[in-house]
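Note sheet for the following structure.
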Amino acid sequence: MLATRPPSRQPMTPGPRPRSRAGERSCTGLEEVPLEVLRQRETKWLDMLNSWDKWMAKKHKKIRLRCQKGIPPSLRGRAWQYLSGGKVKLQQNPGKFDELDLSPGDPKWLDVIERDLHRQFPFHEMFVSRGGHGQQDLFRVLKAYTLYRPEEGYCQAQAPVAAVLLMHMPAEQAFWCLVQICEKYLPGYYSEKLEAIQLDGEILFSLLHKVSPVAYKHLSKQKIDPILYMTEWFMCAFSRTLPWSSVLRVWDMFFCEGVKILFRVGLVLLKHSLGSSEKLKACQGQYETMERLRSLSPKIMQETFLVQEVIELPVTERQIEREHLIQLRKWKDTRGELQYQSPPRLHGAKAISEAEPAPRKALEPSPSIRLPPGTQLPAPGTKSRQQKQAEKEHQKAMKEKAKRQKGQQQPPPQPSPGVPGETSGPGLEAPPQGLGPTADPAPKAAWGTEDAGAKDLLHHSKESLTSQESEDTYL
């Protein structure tokens, strides 16, 4: 059922409730992780952050699993910026936060922000002193948002969200993460009429019917509107409800997987608070039921138990969007059109990275030959004068080489039957080639000299042929 009147735009009262100090608790309540395991996780996260676009595109499931295990404290702030897209926003808007920071701001919002500063985690070292650096940065971030989105202005529930961000990163980065939460994760939550949070309250109540029929029936019987118990849970992302160690683990998963984590946490708390007849014995009336939801059992909020229950609860983005369409139709039938048209909700880091990809530098060729500055490159398809001259010289050299090789390949001259200048005596004939040992020694010596020359010439011709064959093979 829908609330009969819109809730106040300041849903939280600064009353001294113990649960509002969840974020001020010491980090010693964190789940004990062995030092060696922590170092291994840090190494893995550093590798992911240094190649973030590749991991997000191809190994998003691995990122989700590591967020469920918990981001290492030393890298949590940096990881939140990457997951939320705040880092991309900062790159797309250089100097924007400084410009907003130097602007005077709207006085009507500045007074309200000033009054809320000391209420945010008053026992945390960053915010314990009035006018300290923590409160100053918180004022700067919240004021900048009222200037960045003047149509929304300031909502009190934004203050604890911004404070948690400031505990993990500088003011400028915290501002852009807050922008992403307000515009991508929880659009419309902080608008004037709080219509989006009322719709999500009805979605939560409808999902509860499937997760815990006993709790659903009890809340229906007591006529307790969801807006009465879930407003602070969702608008502050449980930062004022859960123990600090559980807050950090929930935020790790929330930045990765989106608003479905908030729905799962809310359903787990309702199921284990009101989900059995034994638990309902002490909640006979509306007042007792609301007190049970205000003072949740520490056991169900314990980090290990809560995170495991949230991971195992089968509530998907598709179910949430289907219920959103159903509740939106009911809203229009009973109340008419929404007064504030919020942008579509993006479910987690994957959807945000696809909708707002990181800017990439244009790829430039890296030449292997470095030219001096100012060198004019010829147009494609044209040859320079030096290239043409080189080609001519090359062709000329090849022609000369071919001529030399052709001359070397000519057959050697045949030797004459007689030795020139030698007279033949009576009965003496020119000795043939291969003259036997009985031949005259003088002619034998002469023929041996000529035969050696012929052999040398033949050997040289063979070398030339071999050289030509090699040249032909190369060419």
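Chain lettering (A, B, ...) mirrors the order of the structure tokens, residue numbering begins at 1 for each chain separately, and ligand numbering begins at 1 in order of display.
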
Find the residues around Lys143 (chain A) up to 7 Å (only C-alpha atoms counted), leave out those fewer than 3 positions away in its own chain, and share them as a VMD selection string. chain A and resid 105 110 139 to 140 146 to 147

Using only C-alpha atoms, determine which residues lie at most 9 Å from Val307 (chain A), disregarding the query and same-chain residues fewer than 3 positions distant; provide the list as a PyMOL selection string. chain A and resi 68-69+246+249-250+265+301-304+310-312

Requested write-out: N, CA, C and O atoms of the selected residues, as a compact mmCIF listing (two decimals), in the first residue's frame:
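Saved the output as out.txt:
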```txt
# COMPACT_ATOMS: atom_id res chain seq x y z
N GLN A 68 32.39 -9.17 -3.44
CA GLN A 68 31.66 -9.92 -2.42
C GLN A 68 32.58 -10.38 -1.30
O GLN A 68 32.17 -10.46 -0.13
N LYS A 69 33.83 -10.68 -1.64
CA LYS A 69 34.80 -11.07 -0.60
C LYS A 69 35.25 -9.87 0.22
O LYS A 69 35.75 -10.04 1.34
N SER A 246 29.97 -4.05 8.55
CA SER A 246 28.92 -4.49 7.62
C SER A 246 28.60 -3.40 6.60
O SER A 246 28.30 -3.70 5.44
N ARG A 249 31.18 -3.63 3.76
CA ARG A 249 30.97 -4.79 2.90
C ARG A 249 29.74 -4.59 2.01
O ARG A 249 29.75 -4.96 0.83
N VAL A 250 28.69 -4.02 2.57
CA VAL A 250 27.48 -3.75 1.78
C VAL A 250 27.78 -2.73 0.68
O VAL A 250 27.35 -2.88 -0.47
N VAL A 265 19.55 -6.57 1.28
CA VAL A 265 19.83 -6.32 2.70
C VAL A 265 18.53 -6.06 3.45
O VAL A 265 18.29 -6.61 4.54
N MET A 301 22.87 -8.49 11.89
CA MET A 301 23.63 -7.41 11.26
C MET A 301 25.12 -7.71 11.22
O MET A 301 25.90 -6.93 10.67
N GLN A 302 25.52 -8.85 11.82
CA GLN A 302 26.94 -9.21 11.86
C GLN A 302 27.45 -9.43 10.44
O GLN A 302 26.78 -10.03 9.60
N GLU A 303 28.66 -8.96 10.19
CA GLU A 303 29.21 -8.90 8.83
C GLU A 303 29.15 -10.23 8.09
O GLU A 303 28.59 -10.32 6.99
N THR A 304 29.73 -11.28 8.67
CA THR A 304 29.81 -12.56 7.96
C THR A 304 28.43 -13.13 7.68
O THR A 304 28.14 -13.58 6.56
N VAL A 310 22.94 -12.11 2.03
CA VAL A 310 22.69 -11.21 0.90
C VAL A 310 23.13 -11.86 -0.41
O VAL A 310 22.42 -11.78 -1.43
N ILE A 311 24.28 -12.53 -0.40
CA ILE A 311 24.79 -13.16 -1.62
C ILE A 311 23.85 -14.28 -2.08
O ILE A 311 23.60 -14.45 -3.28
N GLU A 312 23.30 -15.03 -1.12
CA GLU A 312 22.48 -16.19 -1.47
C GLU A 312 21.04 -15.85 -1.79
O GLU A 312 20.33 -16.68 -2.37
```

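Around region 344-353 of chain A, within 9 Å and counting only C-alpha atoms, the residues found are Asp53, Met56, Ala57, His60, Tyr82, Leu83, Ser84, Gly85, Val88, Glu183, Lys184, Tyr185, Leu186, Pro187, Met253, Phe254, Phe255, Cys256, Glu257, Gly258, Val259, Lys260, Glu317 and Ala358 of chain A, once anything fewer than 5 positions away on its own chain is removed.
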
I need the residue nearest Leu204 (chain A) from this list: A:Cys283, A:Ala162, A:Leu306, A:Ile227. Use only C-alpha atoms for the distance.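 Nearest candidate to Leu204 (chain A) out of A:Cys283, A:Ala162, A:Leu306, A:Ile227: A:Ile227.
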
Using only C-alpha atoms, which protein or nucleic acid residues come within 9 Å of Phe263 (chain A)? Drop anything in the same chain fewer than 3 positions from it, and give the result as number ranges by chain. A: 200, 203-204, 207, 234, 259-260, 266-268, 315, 320

Of the candidates A:Gln222, A:Thr231, A:Gln91, A:Gln395, which one gets nearest to Gln173 (chain A) if we count only C-alpha atoms? A:Gln91

When you look at Leu165 (chain A) with a cut-off of 8 Å (counting only C-alpha atoms), what residues show up, excluding the ones that are within fewer than 2 positions of it in the same chain? I need them as an NGL selection string. :A and (77 or 161-163 or 167-169 or 174 or 177-178)

List every residue of region 75-215 of chain A that DSSP, applied to the backbone of this structure, assigns to helix (DSSP H, G or I), and report them as a PyMOL selection string. chain A and resi 75-84+86-92+96-102+107-119+133-148+158-166+171-185+195-211+213-215

Would you save the residues of that selection, restricted to C-alpha atoms, as a short mmCIF file (atom, residue, chain, number, x, y, z; two decimals), in the first residue's frame?
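Contents of selection.cif, freshly written:
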```
data_model
loop_
_atom_site.label_atom_id
_atom_site.label_comp_id
_atom_site.auth_asym_id
_atom_site.auth_seq_id
_atom_site.Cartn_x
_atom_site.Cartn_y
_atom_site.Cartn_z
CA LEU A 75 42.32 0.27 -2.00
CA ARG A 76 38.65 0.70 -1.12
CA GLY A 77 38.39 4.40 -1.95
CA ARG A 78 40.10 3.98 -5.30
CA ALA A 79 37.99 0.93 -6.15
CA TRP A 80 34.74 2.77 -5.32
CA GLN A 81 35.72 5.52 -7.76
CA TYR A 82 36.33 3.01 -10.54
CA LEU A 83 33.18 0.98 -9.82
CA SER A 84 30.84 3.98 -9.60
CA GLY A 86 33.24 8.70 -10.49
CA LYS A 87 36.75 8.58 -11.93
CA VAL A 88 35.37 8.88 -15.48
CA LYS A 89 33.13 11.78 -14.42
CA LEU A 90 36.15 13.54 -12.96
CA GLN A 91 38.09 13.07 -16.20
CA GLN A 92 35.17 14.37 -18.25
CA LYS A 96 34.27 21.60 -12.45
CA PHE A 97 34.39 20.91 -8.72
CA ASP A 98 36.81 23.79 -8.13
CA GLU A 99 34.45 26.07 -10.03
CA LEU A 100 31.48 24.97 -7.88
CA ASP A 101 33.58 25.15 -4.73
CA LEU A 102 34.44 28.81 -5.37
CA PRO A 107 21.80 30.71 1.18
CA LYS A 108 18.66 28.64 1.84
CA TRP A 109 20.64 25.41 1.37
CA LEU A 110 23.80 26.61 3.08
CA ASP A 111 21.98 27.19 6.37
CA VAL A 112 20.45 23.71 6.35
CA ILE A 113 23.78 22.07 5.49
CA GLU A 114 25.53 23.97 8.30
CA ARG A 115 23.04 22.68 10.84
CA ASP A 116 23.54 19.07 9.73
CA LEU A 117 27.33 18.93 9.74
CA HIS A 118 27.82 18.08 13.41
CA ARG A 119 25.25 15.27 13.25
CA HIS A 133 38.77 19.54 8.02
CA GLY A 134 36.18 16.74 7.88
CA GLN A 135 33.22 19.06 8.43
CA GLN A 136 34.70 21.62 6.02
CA ASP A 137 35.06 19.05 3.25
CA LEU A 138 31.56 17.74 3.92
CA PHE A 139 30.19 21.27 3.59
CA ARG A 140 32.09 21.79 0.33
CA VAL A 141 30.81 18.54 -1.22
CA LEU A 142 27.16 19.11 -0.24
CA LYS A 143 27.21 22.77 -1.31
CA ALA A 144 28.77 21.83 -4.66
CA TYR A 145 25.96 19.34 -5.29
CA THR A 146 23.27 21.98 -4.69
CA LEU A 147 24.96 24.08 -7.38
CA TYR A 148 25.46 21.12 -9.70
CA GLN A 158 22.88 12.90 1.42
CA ALA A 159 25.04 14.03 4.34
CA PRO A 160 25.90 10.58 5.81
CA VAL A 161 26.48 9.20 2.30
CA ALA A 162 28.93 12.01 1.51
CA ALA A 163 30.59 11.56 4.93
CA VAL A 164 31.29 7.87 4.28
CA LEU A 165 32.82 8.78 0.91
CA LEU A 166 35.03 11.42 2.52
CA ALA A 171 36.61 16.02 -1.50
CA GLU A 172 36.65 16.24 -5.29
CA GLN A 173 36.55 12.48 -5.80
CA ALA A 174 33.87 12.16 -3.10
CA PHE A 175 31.75 14.76 -4.91
CA TRP A 176 31.76 12.84 -8.19
CA CYS A 177 31.00 9.54 -6.44
CA LEU A 178 28.05 11.28 -4.74
CA VAL A 179 26.89 12.51 -8.14
CA GLN A 180 26.96 8.95 -9.48
CA ILE A 181 25.01 7.61 -6.50
CA CYS A 182 22.34 10.30 -6.86
CA GLU A 183 22.06 10.07 -10.66
CA LYS A 184 22.86 6.46 -11.57
CA TYR A 185 22.36 4.21 -8.55
CA GLU A 195 8.53 9.73 -5.10
CA ALA A 196 11.27 7.31 -6.13
CA ILE A 197 11.87 6.10 -2.59
CA GLN A 198 8.13 5.54 -2.10
CA LEU A 199 8.00 3.44 -5.27
CA ASP A 200 10.96 1.38 -4.08
CA GLY A 201 9.21 0.88 -0.74
CA GLU A 202 6.32 -0.75 -2.55
CA ILE A 203 8.75 -2.85 -4.60
CA LEU A 204 10.45 -4.02 -1.40
CA PHE A 205 7.10 -4.94 0.15
CA SER A 206 6.05 -6.91 -2.94
CA LEU A 207 9.35 -8.82 -3.01
CA LEU A 208 8.95 -9.58 0.70
CA HIS A 209 5.80 -11.55 -0.14
CA LYS A 210 7.99 -14.07 -2.02
CA VAL A 211 10.99 -14.02 0.34
CA PRO A 213 5.35 -14.60 3.54
CA VAL A 214 5.15 -14.58 7.35
CA ALA A 215 6.77 -11.14 7.63
#
```

With distances taken over only C-alpha atoms, which residue among A:Leu242, A:Leu293, A:Ser191, A:Ala390 lies nearest Arg149 (chain A)? A:Ser191
